[in-house]
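**Student:** Have a look at this one.
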Amino acid sequence: MATTSDSSASFEETDTRKDEMHSTIEAWIDDLVGDVDAVQASDEFQEWLDVQSRFHDYSHRNTLLIKLQCPEATKVAGFNTWRNEFDRHVQEGEQAIWIWAPIITKQCPECENSPSYHENSDCEYDETPPEEWSKGLVGFKPAAVFDVSQTEGEPLPELETEATGDAEDLVPALTDAADDLGVTVRIVDADEWAHGDAKGVCKQRDIHDFTPIVEAKARTNQADLAVTLIHEFAHALLHFDVDDKAERSKREVEAEAVAYIVGRYCGLETSGSAFYLAAWQYDEPESIQDRFGRISSTAEEIIDVIDG
Ligand SMILES: [Zn+2]
Ligand SMILES: [Zn+2]
């Protein structure tokens, strides 16, 4: 994988600045696409993917129930699933998070109940015996699940997405730049952070005020904080008024590609972006190049503001 630490650039205030910037960004996007391919082919990534696929996608209703009972929940599974699939166990004294689990069983073709409910109901269907009924959803029962923070054991594999480097001046430069970009920034203490394992979010101030607010979780690694800020700025500039779930992975690819370019321009080591992109881009291998125009113009806009 290409390393990016010694390959930052600076663009002089000349007539050719725009062209130079553009062709540098083009070359960097090529590097990034190559890095993402290398990540996707790696054993480390395949193992991560395999573990992710063992977590269940919960319904909207269950996701809401989980958030209500355990706002900081990130990865959720049942007691036995934690033990059997992930080699972890629920710690003693942990409170279960209750969700609704579907009951799938033989279903009466007429009243759509399970055999025992059908038996005790007024339904008179008797053309076929219950053994021949096909299975279907007959109802829901409460089920207990636990968040990863309530368990201990074998660590879950994580992708190393963190940026590194010297960003002591960059974080203040980015918070200053926010005004020019039309964004409000808040860096929130880790113990007040309410967005789970997200490092940053971009949201609307309130229902009356459409100014984007970027919030980032405070951390010691200033380079990583800077890249999170750039990622969220890109969301604010490109996606603020978009709310299309199907496009989520494309938005993440755009924002992280912008973060990679601007971070690299500022001399940071941003090769971890390839892991983030590999994870989001898994189903849509073409989208980085497809979105080159949007990515490069947003990166250039942020670079121009930082350079002042
Ligand atoms: Zn029936
Ligand atoms: Zn994002």
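Following the order of the structure tokens, chains are lettered A, B, ..., residues in each are numbered from 1, and ligands are numbered from 1.
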Just the strand (DSSP E or B) stuff from stretch 2-209 of chain A, please, per backbone DSSP, written as JSON, numbers by chain.
**Tutor:** {"A": [76, 77, 78, 88, 89, 90, 97, 98, 99, 100, 101, 102, 103, 104, 105, 106, 135, 136, 137, 138, 139, 140, 141, 142, 143, 144, 145, 146, 147, 151, 152, 153, 164, 184, 185, 186, 187, 188, 200, 201, 202, 203, 204]}
**Student:** Give the residues close to ligand 2, within 9 Å, counting only C-alpha atoms and all ligand atoms; write them as a list of chain:residue names.
**Tutor:**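 Those residues are A:Ala198, A:Lys199, A:Gly200, A:Val201, A:Cys202, A:Thr228, A:His231, A:Glu232, A:Ala234, A:His235, A:Arg248, A:Ser249, A:Arg251, A:Glu252, A:Val253, A:Glu254, A:Ala255, A:Glu256.
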**Student:** Within 10 Å of ligand 1, which residues show up when you count only C-alpha atoms and all ligand atoms? List them as a list in words, please.
**Tutor:**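 The residues within 10 Å of ligand 1, counting only C-alpha atoms and all ligand atoms, are Gln107, Cys108, Pro109, Glu110, Cys111, Glu112, Asn113, Ser114, Pro115, Ser116, Tyr117, His118, Glu119, Asn120, Ser121, Asp122, Cys123, Glu124, Tyr125, Asp126 and Pro130 of chain A.
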**Student:** Which residue out of A:Gln69, A:Gln40, A:Thr151, A:Thr74 has the minimum interatomic distance to A:Phe86 when only C-alpha atoms are used?
**Tutor:** A:Thr151
**Student:** Atom CA of A:Ala278 to atom CA of A:Pro155: how many Å, to one decimal?
**Tutor:**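 For atom CA of A:Ala278 relative to atom CA of A:Pro155, the distance reads 21.0 Å.
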**Student:** Could you produce a table of the residues of stretch 164-192 of chain A lying within 10 Å of stretch 258-264 of chain A, with the nearest pair of atoms per residue and their separation in Å rounded to one decimal, using only C-alpha atoms, ordered by chain and increasing residue number, as a tab-separated table?
**Tutor:**
residue	atom	partner	partner_atom	distance
A:Thr164	CA	A:Gly263	CA	9.6
A:Gly165	CA	A:Gly263	CA	9.6
A:Ala167	CA	A:Gly263	CA	9.4
A:Leu170	CA	A:Gly263	CA	9.4
**Student:** Could you give me, as a PyMOL selection string, the residues within 12 Å of A:Gln150, counting only C-alpha atoms and dropping anything in the same chain fewer than 5 positions from it?
**Tutor:** chain A and resi 70+72-79+82+88-97+145
**Student:** Mind listing the helix (DSSP H, G or I) residues of stretch 58-135 of chain A, per DSSP on the backbone, as a list in words?
**Tutor:**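 Of stretch 58-135 of chain A, only His60, Arg61, Asn62, Thr63, Leu64, Leu65, Ile66, Lys67, Leu68, Gln69, Phe79, Asn80, Thr81, Trp82, Arg83, Asn84, Glu85, Phe86, Pro115, Ser116, Tyr117, His118, Glu119, Pro130, Glu131 and Glu132 of chain A fall in helix (DSSP H, G or I).
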**Student:** Write out as a ChimeraX atom specification the residues lying within 10 Å of A:Ala194, counting only C-alpha atoms and excluding same-chain residues fewer than 6 positions away.
**Tutor:** /A:71-72,188,217
**Student:** Using atom CA of A:Asn221 and atom CA of A:Asp166 as the two end points, give the distance in Å to one decimal.
**Tutor:**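 So the answer is 9.1 Å.
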**Student:** For atom CA of A:Glu85 and atom CA of A:Leu277, determine how far apart the two atoms are, in Å to one decimal place.
**Tutor:** 25.9 Å
